[in-house]
Amino acid sequence: MLDTLDAAAVRRWCAGGLVALKRHQGEIDDLNVYPVPDGDTGTNMVLTLTSAQQALAMDLGTLPEDGPTAHGHALRLMARGALLGARGNSGVILSQILRGFADAVAAVPAVRGRELAAALRDGTAAAYAAVARPVEGTLLSVVAAAAHAAEHADSDDLRAVARAAAGGAAHALARTPEQLPALARAGVVDAGGRGLCLLLDALVEVVTGESPERPPPAPRPVRPPVTAVRETGSEEYAYEVQYLLDAGPQEVARLRAELAALGDSLVVVGDGSAGTGTWNVHVHVNDVGAAIEAGVVAGRPHRISVTRFADQLAPVPPAVAADGRAAVVVATGAGIAGLFAGEGATVVPGNPSIGELVDAIRATGAARVVVLPNDPDTQAVANAAAREAHALGIKVSVVPTRSPVQALAALAVRDPGRRFSDDVIAMAEAAGACRYAEVCYARREALTVAGPCRPGDVLALVEGEVHLIGSDLADTCAAVVDRMLGGGGELVTLLSGADAPAGLADAVREHVGQRWPFVEVQAYPGGQPHYPLLVGVE
């Protein structure tokens, strides 16, 4: 049993938390509000904490003379490793929690109960600060409850406060379906919150020597219609504005209020520096000029990027060119990777860490780089990698492409003869004009917005929403293309998956030729897992 949290305990906590996450990785991955086969929160949290442990293992035990305490040094290594290895939204938020935790106790001589409570409160604040409009019923709610329970314990006893924090988190996790309707309809608790509970239980085991007995939350038996809360905000706003800002905390506080009044999807994340620091500002607006002008008033904005949406737009990258530009594209599937490489882009395998993306950006040798994440979860990782690359003097623009077909549309219109910012906007417009669909098999029984589905049913998702449920793969693929072309379109792109039956793309191409004779069809072997067919319509 421990009275204080020392550096050795920090290392054991990281190792124990990683073991717990690995043990429950599949369970957390399955806490997915959609019946599709790509839930990966557990995997992302495991990879994020693996990077944190590697950062601790690489430390030779030397403490900077003017640096923090030994435990503070270990916690900062852990937080820094988590940031560089963060994957997905859950990983990025976890890295912010650890950063706030480390900053709170770095200079504190001893971490006892009250210091632990303060660290959890600062970790909560750092996590909430990364999201302009936090959604309750998520990882944020769980860490806030842990901090509240720790403070309510009002004790210097480290063991009592650790137990209180873990207990508060467990109770908050059980309440997440009451706070977020999407979880209640899917019959699950929040996946990121479940991962955090495992980490706090690991901390209890380190300081008390006892392992809390907490059975995993039982899934709810009823799974009515599944509708996820979109992370990209409403369709009311047509532009994404993003820039780095050198400013002080008071100026940033005023900026938050101004931007919140202008639009939505506001996220402002700082680097943790005292006084004037560097902040990453992201917002969706209609008045681009006002959003940038607000940054000029607050401080010094730089690396400004503007993207125009159409539905949920996908950005744009240029390949390596004579003027020092490059594109980094995240791709899953050998065929898709080959298509991007043929366009001159640097390809990073799917679900990369922040460090891997930074390495790819640096490897281009370009001063201006566009990153296409091609997945909503990877976007948060790409944004963090852009901040890291900026510190190296590289201008990086991240455009939130959600499908490889959008990235192909963006790359097709790039023009190195244009100004970099203009080229990014042009490619973003092309990507935004490309609607996308995915066809897969249902993994679980659920009621979707298109009706009930059972394991093995064929699901066709358009722009992330289930639109069709069928029993025959080829018929469902043809039907979803018909539905998309009903809204207009001149070009259809088909990417067949690794497990797609032979002739699937040809059958869809033939169907389009008969039903839509004036529409051009391009079909490629994509090799992507989970999805037998990806569709793009321009």
# chains A, B, ... in the order shown; residues from 1 in each chain; ligands from 1
call {"tool": "residues_around", "arguments": {"residues": "stretch 252-254 of chain A", "least_positions_apart": "3", "cutoff": "9 Å", "atoms": "only C-alpha atoms", "output": "ChimeraX atom specification"}}
result
/A:245,247-249,257-259,268,279,295,298-299
call {"tool": "write_last_selection", "arguments": {"atoms": "N, CA and C atoms", "output": "CSV table (one decimal), in the first residue's frame"}}
result
chain,number,residue,atom,x,y,z
A,245,LEU,N,-2.9,29.8,-33.1
A,245,LEU,CA,-3.0,31.2,-32.6
A,245,LEU,C,-2.0,31.3,-31.4
A,247,ALA,N,-1.4,33.4,-28.3
A,247,ALA,CA,-2.2,34.3,-27.5
A,247,ALA,C,-2.2,33.9,-26.1
A,248,GLY,N,-2.6,34.8,-25.2
A,248,GLY,CA,-2.7,34.5,-23.8
A,248,GLY,C,-4.1,33.9,-23.4
A,249,PRO,N,-4.3,33.3,-22.2
A,249,PRO,CA,-5.5,32.6,-21.9
A,249,PRO,C,-6.7,33.6,-21.8
A,257,ALA,N,-15.8,32.8,-26.8
A,257,ALA,CA,-17.2,33.4,-26.8
A,257,ALA,C,-17.6,33.9,-28.2
A,258,GLU,N,-16.6,34.6,-28.8
A,258,GLU,CA,-16.9,35.2,-30.1
A,258,GLU,C,-17.2,34.1,-31.2
A,259,LEU,N,-16.4,33.1,-31.2
A,259,LEU,CA,-16.5,32.1,-32.2
A,259,LEU,C,-17.7,31.2,-31.9
A,268,VAL,N,-10.9,24.5,-29.1
A,268,VAL,CA,-9.7,25.3,-28.9
A,268,VAL,C,-8.8,24.5,-27.9
A,279,TRP,N,-2.2,27.9,-29.5
A,279,TRP,CA,-3.5,27.3,-29.5
A,279,TRP,C,-3.9,26.8,-30.9
A,295,GLY,N,-9.5,36.0,-34.5
A,295,GLY,CA,-8.2,35.5,-34.2
A,295,GLY,C,-7.1,36.6,-34.2
A,298,ALA,N,-7.4,38.6,-31.1
A,298,ALA,CA,-7.0,37.8,-29.9
A,298,ALA,C,-5.5,37.7,-29.8
A,299,GLY,N,-4.8,37.6,-31.0
A,299,GLY,CA,-3.4,37.3,-31.0
A,299,GLY,C,-2.8,37.3,-32.4
call {"tool": "select_by_dssp", "arguments": {"residues": "stretch 346-475 of chain A", "states": "helix (DSSP H, G or I)", "output": "MDAnalysis selection string"}}
result
chainID A and resid 354:363 376:391 404:412 420:432 473:475
call {"tool": "closest_residue", "arguments": {"among": "A:Leu75, A:Val135, A:Ala8, A:Ala523", "to": "A:Gly123", "atoms": "only C-alpha atoms"}}
result
A:Leu75
call {"tool": "closest_residue", "arguments": {"among": "A:Leu84, A:Gln179, A:Gly209, A:Gly167", "to": "A:Arg12", "atoms": "only C-alpha atoms"}}
result
A:Gly209
call {"tool": "closest_residue", "arguments": {"among": "A:Thr346, A:Thr401, A:Ser353, A:Thr69", "to": "A:Met45", "atoms": "only C-alpha atoms"}}
result
A:Ser353
call {"tool": "closest_residue", "arguments": {"among": "A:Leu495, A:Val10, A:Ile28, A:Ala290", "to": "A:Asp40", "atoms": "only C-alpha atoms"}}
result
A:Ile28
call {"tool": "residues_around", "arguments": {"residues": "A:Val328", "least_positions_apart": "4", "cutoff": "9 Å", "atoms": "only C-alpha atoms", "output": "PDB file with all heavy atoms, in the first residue's frame"}}
result
ATOM      1  N   PRO A 317      -5.356  17.335 -50.569  1.00  0.00           N
ATOM      2  CA  PRO A 317      -3.939  17.384 -50.462  1.00  0.00           C
ATOM      3  C   PRO A 317      -3.294  17.414 -51.805  1.00  0.00           C
ATOM      4  O   PRO A 317      -3.788  16.824 -52.724  1.00  0.00           O
ATOM      5  CB  PRO A 317      -3.587  16.095 -49.813  1.00  0.00           C
ATOM      6  CG  PRO A 317      -4.736  15.225 -50.114  1.00  0.00           C
ATOM      7  CD  PRO A 317      -5.838  16.042 -50.664  1.00  0.00           C
ATOM      8  N   PRO A 318      -2.158  18.061 -51.884  1.00  0.00           N
ATOM      9  CA  PRO A 318      -1.369  17.989 -53.086  1.00  0.00           C
ATOM     10  C   PRO A 318      -0.262  16.980 -52.927  1.00  0.00           C
ATOM     11  O   PRO A 318       0.193  16.735 -51.844  1.00  0.00           O
ATOM     12  CB  PRO A 318      -0.787  19.375 -53.205  1.00  0.00           C
ATOM     13  CG  PRO A 318      -0.914  19.968 -51.857  1.00  0.00           C
ATOM     14  CD  PRO A 318      -1.839  19.150 -51.038  1.00  0.00           C
ATOM     15  N   ALA A 319       0.173  16.414 -54.020  1.00  0.00           N
ATOM     16  CA  ALA A 319       1.319  15.521 -53.957  1.00  0.00           C
ATOM     17  C   ALA A 319       2.585  16.352 -53.924  1.00  0.00           C
ATOM     18  O   ALA A 319       2.563  17.556 -54.125  1.00  0.00           O
ATOM     19  CB  ALA A 319       1.324  14.615 -55.179  1.00  0.00           C
ATOM     20  N   ALA A 345       0.941  10.760 -53.585  1.00  0.00           N
ATOM     21  CA  ALA A 345       0.756  11.016 -52.159  1.00  0.00           C
ATOM     22  C   ALA A 345       1.577  10.045 -51.320  1.00  0.00           C
ATOM     23  O   ALA A 345       1.862   8.917 -51.742  1.00  0.00           O
ATOM     24  CB  ALA A 345      -0.712  10.906 -51.792  1.00  0.00           C
ATOM     25  N   THR A 346       1.942  10.479 -50.124  1.00  0.00           N
ATOM     26  CA  THR A 346       2.564   9.596 -49.141  1.00  0.00           C
ATOM     27  C   THR A 346       1.454   8.876 -48.391  1.00  0.00           C
ATOM     28  O   THR A 346       0.554   9.517 -47.845  1.00  0.00           O
ATOM     29  CB  THR A 346       3.422  10.399 -48.152  1.00  0.00           C
ATOM     30  OG1 THR A 346       4.504  11.006 -48.873  1.00  0.00           O
ATOM     31  CG2 THR A 346       3.992   9.493 -47.068  1.00  0.00           C
ATOM     32  N   VAL A 347       1.509   7.558 -48.365  1.00  0.00           N
ATOM     33  CA  VAL A 347       0.422   6.758 -47.795  1.00  0.00           C
ATOM     34  C   VAL A 347       0.822   6.227 -46.422  1.00  0.00           C
ATOM     35  O   VAL A 347       1.918   5.689 -46.250  1.00  0.00           O
ATOM     36  CB  VAL A 347       0.053   5.588 -48.726  1.00  0.00           C
ATOM     37  CG1 VAL A 347      -1.078   4.757 -48.116  1.00  0.00           C
ATOM     38  CG2 VAL A 347      -0.347   6.115 -50.102  1.00  0.00           C
ATOM     39  N   VAL A 348      -0.080   6.402 -45.445  1.00  0.00           N
ATOM     40  CA  VAL A 348       0.111   5.895 -44.087  1.00  0.00           C
ATOM     41  C   VAL A 348      -0.959   4.836 -43.840  1.00  0.00           C
ATOM     42  O   VAL A 348      -2.126   5.061 -44.142  1.00  0.00           O
ATOM     43  CB  VAL A 348      -0.017   7.030 -43.046  1.00  0.00           C
ATOM     44  CG1 VAL A 348       0.149   6.484 -41.628  1.00  0.00           C
ATOM     45  CG2 VAL A 348       1.013   8.111 -43.322  1.00  0.00           C
ATOM     46  N   LEU A 357       2.016   9.737 -37.984  1.00  0.00           N
ATOM     47  CA  LEU A 357       1.635  10.771 -38.953  1.00  0.00           C
ATOM     48  C   LEU A 357       2.686  11.878 -39.018  1.00  0.00           C
ATOM     49  O   LEU A 357       3.005  12.374 -40.101  1.00  0.00           O
ATOM     50  CB  LEU A 357       0.280  11.368 -38.585  1.00  0.00           C
ATOM     51  CG  LEU A 357      -0.959  10.666 -39.148  1.00  0.00           C
ATOM     52  CD1 LEU A 357      -2.225  11.401 -38.730  1.00  0.00           C
ATOM     53  CD2 LEU A 357      -0.895  10.580 -40.668  1.00  0.00           C
ATOM     54  N   ALA A 360       5.497  10.695 -41.122  1.00  0.00           N
ATOM     55  CA  ALA A 360       5.161  10.712 -42.544  1.00  0.00           C
ATOM     56  C   ALA A 360       5.194  12.127 -43.103  1.00  0.00           C
ATOM     57  O   ALA A 360       5.663  12.358 -44.231  1.00  0.00           O
ATOM     58  CB  ALA A 360       3.783  10.091 -42.758  1.00  0.00           C
ATOM     59  N   ILE A 361       4.702  13.090 -42.315  1.00  0.00           N
ATOM     60  CA  ILE A 361       4.732  14.489 -42.754  1.00  0.00           C
ATOM     61  C   ILE A 361       6.172  14.960 -42.939  1.00  0.00           C
ATOM     62  O   ILE A 361       6.520  15.584 -43.948  1.00  0.00           O
ATOM     63  CB  ILE A 361       3.985  15.373 -41.741  1.00  0.00           C
ATOM     64  CG1 ILE A 361       2.482  15.068 -41.766  1.00  0.00           C
ATOM     65  CG2 ILE A 361       4.227  16.855 -42.023  1.00  0.00           C
ATOM     66  CD1 ILE A 361       1.705  15.682 -40.626  1.00  0.00           C
ATOM     67  N   THR A 364       8.078  13.683 -46.087  1.00  0.00           N
ATOM     68  CA  THR A 364       7.806  14.253 -47.411  1.00  0.00           C
ATOM     69  C   THR A 364       8.863  15.279 -47.795  1.00  0.00           C
ATOM     70  O   THR A 364       9.084  15.537 -48.983  1.00  0.00           O
ATOM     71  CB  THR A 364       6.425  14.929 -47.443  1.00  0.00           C
ATOM     72  OG1 THR A 364       6.424  16.062 -46.562  1.00  0.00           O
ATOM     73  CG2 THR A 364       5.331  13.959 -47.043  1.00  0.00           C
ATOM     74  N   VAL A 369       2.010  20.781 -46.272  1.00  0.00           N
ATOM     75  CA  VAL A 369       1.491  19.415 -46.400  1.00  0.00           C
ATOM     76  C   VAL A 369       0.007  19.400 -46.084  1.00  0.00           C
ATOM     77  O   VAL A 369      -0.449  20.031 -45.124  1.00  0.00           O
ATOM     78  CB  VAL A 369       2.223  18.443 -45.450  1.00  0.00           C
ATOM     79  CG1 VAL A 369       1.667  17.033 -45.577  1.00  0.00           C
ATOM     80  CG2 VAL A 369       3.729  18.451 -45.734  1.00  0.00           C
ATOM     81  N   VAL A 370      -0.748  18.666 -46.884  1.00  0.00           N
ATOM     82  CA  VAL A 370      -2.160  18.432 -46.616  1.00  0.00           C
ATOM     83  C   VAL A 370      -2.325  16.981 -46.169  1.00  0.00           C
ATOM     84  O   VAL A 370      -1.757  16.076 -46.769  1.00  0.00           O
ATOM     85  CB  VAL A 370      -3.027  18.695 -47.852  1.00  0.00           C
ATOM     86  CG1 VAL A 370      -4.482  18.325 -47.588  1.00  0.00           C
ATOM     87  CG2 VAL A 370      -2.937  20.156 -48.260  1.00  0.00           C
ATOM     88  N   VAL A 371      -3.082  16.784 -45.113  1.00  0.00           N
ATOM     89  CA  VAL A 371      -3.340  15.442 -44.599  1.00  0.00           C
ATOM     90  C   VAL A 371      -4.806  15.096 -44.812  1.00  0.00           C
ATOM     91  O   VAL A 371      -5.690  15.867 -44.446  1.00  0.00           O
ATOM     92  CB  VAL A 371      -2.994  15.333 -43.099  1.00  0.00           C
ATOM     93  CG1 VAL A 371      -3.317  13.941 -42.570  1.00  0.00           C
ATOM     94  CG2 VAL A 371      -1.516  15.652 -42.879  1.00  0.00           C
ATOM     95  N   LEU A 372      -5.068  13.929 -45.396  1.00  0.00           N
ATOM     96  CA  LEU A 372      -6.427  13.438 -45.602  1.00  0.00           C
ATOM     97  C   LEU A 372      -6.627  12.209 -44.724  1.00  0.00           C
ATOM     98  O   LEU A 372      -6.098  11.142 -45.019  1.00  0.00           O
ATOM     99  CB  LEU A 372      -6.662  13.071 -47.071  1.00  0.00           C
ATOM    100  CG  LEU A 372      -6.768  14.257 -48.036  1.00  0.00           C
ATOM    101  CD1 LEU A 372      -5.380  14.711 -48.472  1.00  0.00           C
ATOM    102  CD2 LEU A 372      -7.577  13.897 -49.265  1.00  0.00           C
ATOM    103  N   PRO A 373      -7.377  12.329 -43.631  1.00  0.00           N
ATOM    104  CA  PRO A 373      -7.498  11.218 -42.690  1.00  0.00           C
ATOM    105  C   PRO A 373      -8.417  10.099 -43.158  1.00  0.00           C
ATOM    106  O   PRO A 373      -8.246   8.949 -42.760  1.00  0.00           O
ATOM    107  CB  PRO A 373      -8.044  11.885 -41.424  1.00  0.00           C
ATOM    108  CG  PRO A 373      -8.724  13.119 -41.909  1.00  0.00           C
ATOM    109  CD  PRO A 373      -7.960  13.578 -43.107  1.00  0.00           C
TER     110      PRO A 373
END
call {"tool": "residues_around", "arguments": {"residues": "A:Leu408", "least_positions_apart": "3", "cutoff": "9 Å", "atoms": "only C-alpha atoms", "output": "PDB file with C-alpha atoms, in the first residue's frame"}}
result
ATOM      1  CA  LEU A 339      -4.275   4.511 -56.027  1.00  0.00           C
ATOM      2  CA  PHE A 340      -3.074   7.234 -53.666  1.00  0.00           C
ATOM      3  CA  GLU A 343      -1.310  10.233 -57.369  1.00  0.00           C
ATOM      4  CA  PRO A 404     -11.219   7.295 -49.581  1.00  0.00           C
ATOM      5  CA  VAL A 405     -13.521   8.188 -52.490  1.00  0.00           C
ATOM      6  CA  LEU A 411      -6.519  14.689 -55.441  1.00  0.00           C
ATOM      7  CA  ALA A 412      -7.963  14.713 -58.962  1.00  0.00           C
ATOM      8  CA  ALA A 431     -14.258  16.365 -52.037  1.00  0.00           C
TER       9      ALA A 431
END
call {"tool": "atom_distance", "arguments": {"atom1": "atom CA of A:Ala500", "atom2": "atom CA of A:Pro517"}}
result
24.9 Å
call {"tool": "residues_around", "arguments": {"residues": "A:Tyr531", "least_positions_apart": "4", "cutoff": "12 Å", "atoms": "only C-alpha atoms", "output": "compact mmCIF listing (two decimals) with N, CA and C atoms, in the first residue's frame"}}
result
# COMPACT_ATOMS: atom_id res chain seq x y z
N VAL A 36 -22.11 -2.08 -37.27
CA VAL A 36 -21.12 -2.28 -38.32
C VAL A 36 -19.82 -2.77 -37.69
N PRO A 37 -18.94 -3.41 -38.48
CA PRO A 37 -17.81 -4.15 -37.90
C PRO A 37 -16.54 -3.35 -37.69
N ASP A 38 -16.63 -2.07 -37.36
CA ASP A 38 -15.37 -1.32 -37.25
C ASP A 38 -15.28 -0.50 -35.97
N THR A 332 -6.50 2.27 -45.84
CA THR A 332 -6.58 0.88 -45.43
C THR A 332 -6.94 0.05 -46.65
N GLY A 333 -6.06 -0.86 -47.03
CA GLY A 333 -6.29 -1.67 -48.21
C GLY A 333 -5.21 -1.42 -49.24
N SER A 403 -14.01 9.38 -46.24
CA SER A 403 -13.98 8.18 -47.08
C SER A 403 -12.88 8.33 -48.13
N ALA A 437 -20.76 6.19 -49.89
CA ALA A 437 -21.54 5.14 -49.26
C ALA A 437 -20.63 3.95 -48.96
N GLU A 438 -21.04 3.14 -47.98
CA GLU A 438 -20.30 1.94 -47.59
C GLU A 438 -21.30 0.80 -47.47
N VAL A 439 -20.92 -0.37 -47.95
CA VAL A 439 -21.78 -1.55 -47.84
C VAL A 439 -21.05 -2.59 -47.01
N CYS A 440 -21.72 -3.14 -46.00
CA CYS A 440 -21.09 -4.13 -45.12
C CYS A 440 -22.15 -5.08 -44.60
N TYR A 441 -21.72 -6.07 -43.83
CA TYR A 441 -22.63 -7.01 -43.18
C TYR A 441 -22.84 -6.59 -41.73
N ALA A 442 -24.08 -6.68 -41.25
CA ALA A 442 -24.38 -6.36 -39.86
C ALA A 442 -23.74 -7.40 -38.93
N VAL A 458 -27.23 -7.36 -45.02
CA VAL A 458 -26.39 -6.41 -45.76
C VAL A 458 -26.87 -4.99 -45.45
N LEU A 459 -25.95 -4.14 -44.99
CA LEU A 459 -26.27 -2.75 -44.66
C LEU A 459 -25.61 -1.82 -45.68
N ALA A 460 -26.36 -0.86 -46.16
CA ALA A 460 -25.82 0.19 -47.03
C ALA A 460 -25.91 1.50 -46.28
N LEU A 461 -24.77 2.11 -45.98
CA LEU A 461 -24.71 3.37 -45.25
C LEU A 461 -24.34 4.49 -46.21
N LEU A 473 -26.01 -9.20 -51.39
CA LEU A 473 -24.98 -8.16 -51.45
C LEU A 473 -25.05 -7.37 -52.75
N CYS A 477 -25.99 -3.38 -53.17
CA CYS A 477 -25.01 -2.44 -53.75
C CYS A 477 -25.63 -1.67 -54.90
N LEU A 494 -16.21 3.00 -57.69
CA LEU A 494 -16.44 1.78 -56.92
C LEU A 494 -15.10 1.23 -56.44
N LEU A 495 -14.98 0.96 -55.13
CA LEU A 495 -13.78 0.34 -54.56
C LEU A 495 -14.21 -0.97 -53.91
N SER A 496 -13.81 -2.10 -54.49
CA SER A 496 -14.21 -3.40 -53.96
C SER A 496 -13.27 -3.82 -52.83
N GLY A 497 -13.83 -4.45 -51.80
CA GLY A 497 -13.09 -4.81 -50.61
C GLY A 497 -12.34 -6.12 -50.71
N ALA A 498 -11.55 -6.40 -49.68
CA ALA A 498 -10.72 -7.61 -49.68
C ALA A 498 -11.57 -8.87 -49.74
N ASP A 499 -12.75 -8.85 -49.10
CA ASP A 499 -13.60 -10.04 -49.06
C ASP A 499 -14.77 -9.96 -50.03
N ALA A 500 -14.72 -9.03 -50.97
CA ALA A 500 -15.81 -8.90 -51.93
C ALA A 500 -15.82 -10.11 -52.87
N PRO A 501 -16.99 -10.66 -53.18
CA PRO A 501 -17.04 -11.78 -54.13
C PRO A 501 -16.60 -11.35 -55.52
N GLY A 526 -10.05 -2.16 -54.14
CA GLY A 526 -9.57 -1.36 -53.01
C GLY A 526 -8.84 -2.18 -51.98
N GLY A 527 -9.33 -3.39 -51.72
CA GLY A 527 -8.68 -4.25 -50.73
C GLY A 527 -8.98 -3.88 -49.29
N VAL A 535 -18.53 3.35 -52.27
CA VAL A 535 -19.10 4.02 -53.45
C VAL A 535 -18.92 5.52 -53.31
call {"tool": "residues_around", "arguments": {"residues": "A:Pro177", "least_positions_apart": "6", "cutoff": "10 Å", "atoms": "only C-alpha atoms", "output": "VMD selection string"}}
result
chain A and resid 136 to 138 183 to 190 220
call {"tool": "closest_residue", "arguments": {"among": "A:Leu140, A:Leu47, A:Ala153, A:Ala507", "to": "A:Ile93", "atoms": "only C-alpha atoms"}}
result
A:Leu140
call {"tool": "atom_distance", "arguments": {"atom1": "atom CA of A:Ala327", "atom2": "atom CA of A:Ala391"}}
result
18.6 Å
call {"tool": "select_by_dssp", "arguments": {"residues": "stretch 112-247 of chain A", "states": "strand (DSSP E)", "output": "CSV table (one decimal) with C-alpha atoms, in the first residue's frame"}}
result
chain,number,residue,atom,x,y,z
A,225,PRO,CA,-33.1,2.8,-33.7
A,226,VAL,CA,-29.5,3.6,-33.7
A,239,TYR,CA,-17.1,26.5,-43.9
A,240,GLU,CA,-14.5,25.0,-41.6
A,241,VAL,CA,-11.9,27.6,-40.3
A,242,GLN,CA,-8.8,26.3,-38.6
A,243,TYR,CA,-5.6,28.1,-37.5
A,244,LEU,CA,-2.9,28.2,-34.9
A,245,LEU,CA,-3.0,31.2,-32.6
A,246,ASP,CA,-0.3,32.7,-30.4
A,247,ALA,CA,-2.2,34.3,-27.5
call {"tool": "closest_residue", "arguments": {"among": "A:Gly85, A:Asp154, A:Ala125, A:Val492", "to": "A:Asn351", "atoms": "only C-alpha atoms"}}
result
A:Gly85
call {"tool": "residues_around", "arguments": {"residues": "A:Gly486", "least_positions_apart": "3", "cutoff": "12 Å", "atoms": "only C-alpha atoms", "output": "count of residues only"}}
result
12
call {"tool": "atom_distance", "arguments": {"atom1": "atom CA of A:Asn374", "atom2": "atom CA of A:Val330"}}
result
6.3 Å
call {"tool": "decode", "arguments": {"residues": "stretch 463-469 of chain A", "atoms": "all heavy atoms", "output": "short mmCIF file (atom, residue, chain, number, x, y, z; two decimals), in the first residue's frame"}}
result
data_model
loop_
_atom_site.label_atom_id
_atom_site.label_comp_id
_atom_site.auth_asym_id
_atom_site.auth_seq_id
_atom_site.Cartn_x
_atom_site.Cartn_y
_atom_site.Cartn_z
N GLU A 463 -23.29 8.43 -46.27
CA GLU A 463 -22.82 9.52 -45.40
C GLU A 463 -22.88 9.11 -43.92
O GLU A 463 -23.18 9.92 -43.05
CB GLU A 463 -23.65 10.79 -45.63
CG GLU A 463 -23.72 11.24 -47.07
CD GLU A 463 -22.46 11.96 -47.55
OE1 GLU A 463 -21.82 12.61 -46.74
OE2 GLU A 463 -22.15 11.85 -48.76
N GLY A 464 -22.63 7.84 -43.65
CA GLY A 464 -22.57 7.37 -42.27
C GLY A 464 -23.88 6.90 -41.68
O GLY A 464 -23.90 6.40 -40.56
N GLU A 465 -25.01 7.04 -42.39
CA GLU A 465 -26.32 6.63 -41.88
C GLU A 465 -26.80 5.40 -42.64
O GLU A 465 -26.65 5.31 -43.87
CB GLU A 465 -27.33 7.76 -42.03
CG GLU A 465 -27.01 9.02 -41.25
CD GLU A 465 -27.27 8.86 -39.76
OE1 GLU A 465 -27.80 7.81 -39.37
OE2 GLU A 465 -26.94 9.79 -39.01
N VAL A 466 -27.41 4.44 -41.93
CA VAL A 466 -27.96 3.26 -42.58
C VAL A 466 -29.18 3.66 -43.41
O VAL A 466 -30.17 4.16 -42.88
CB VAL A 466 -28.36 2.19 -41.54
CG1 VAL A 466 -28.97 0.98 -42.24
CG2 VAL A 466 -27.17 1.76 -40.70
N HIS A 467 -29.10 3.44 -44.73
CA HIS A 467 -30.20 3.79 -45.62
C HIS A 467 -30.94 2.57 -46.13
O HIS A 467 -32.14 2.64 -46.40
CB HIS A 467 -29.68 4.59 -46.82
CG HIS A 467 -29.55 6.06 -46.55
ND1 HIS A 467 -29.97 7.03 -47.42
CD2 HIS A 467 -29.05 6.72 -45.48
CE1 HIS A 467 -29.73 8.23 -46.92
NE2 HIS A 467 -29.16 8.07 -45.74
N LEU A 468 -30.24 1.44 -46.29
CA LEU A 468 -30.86 0.25 -46.84
C LEU A 468 -30.42 -0.98 -46.06
O LEU A 468 -29.28 -1.06 -45.60
CB LEU A 468 -30.49 0.07 -48.32
CG LEU A 468 -30.97 1.12 -49.33
CD1 LEU A 468 -30.34 0.89 -50.68
CD2 LEU A 468 -32.49 1.09 -49.44
N ILE A 469 -31.31 -1.94 -45.94
CA ILE A 469 -31.00 -3.23 -45.33
C ILE A 469 -31.47 -4.30 -46.31
O ILE A 469 -32.64 -4.30 -46.73
CB ILE A 469 -31.70 -3.41 -43.98
CG1 ILE A 469 -31.27 -2.30 -43.01
CG2 ILE A 469 -31.41 -4.78 -43.39
CD1 ILE A 469 -32.05 -2.30 -41.70
#
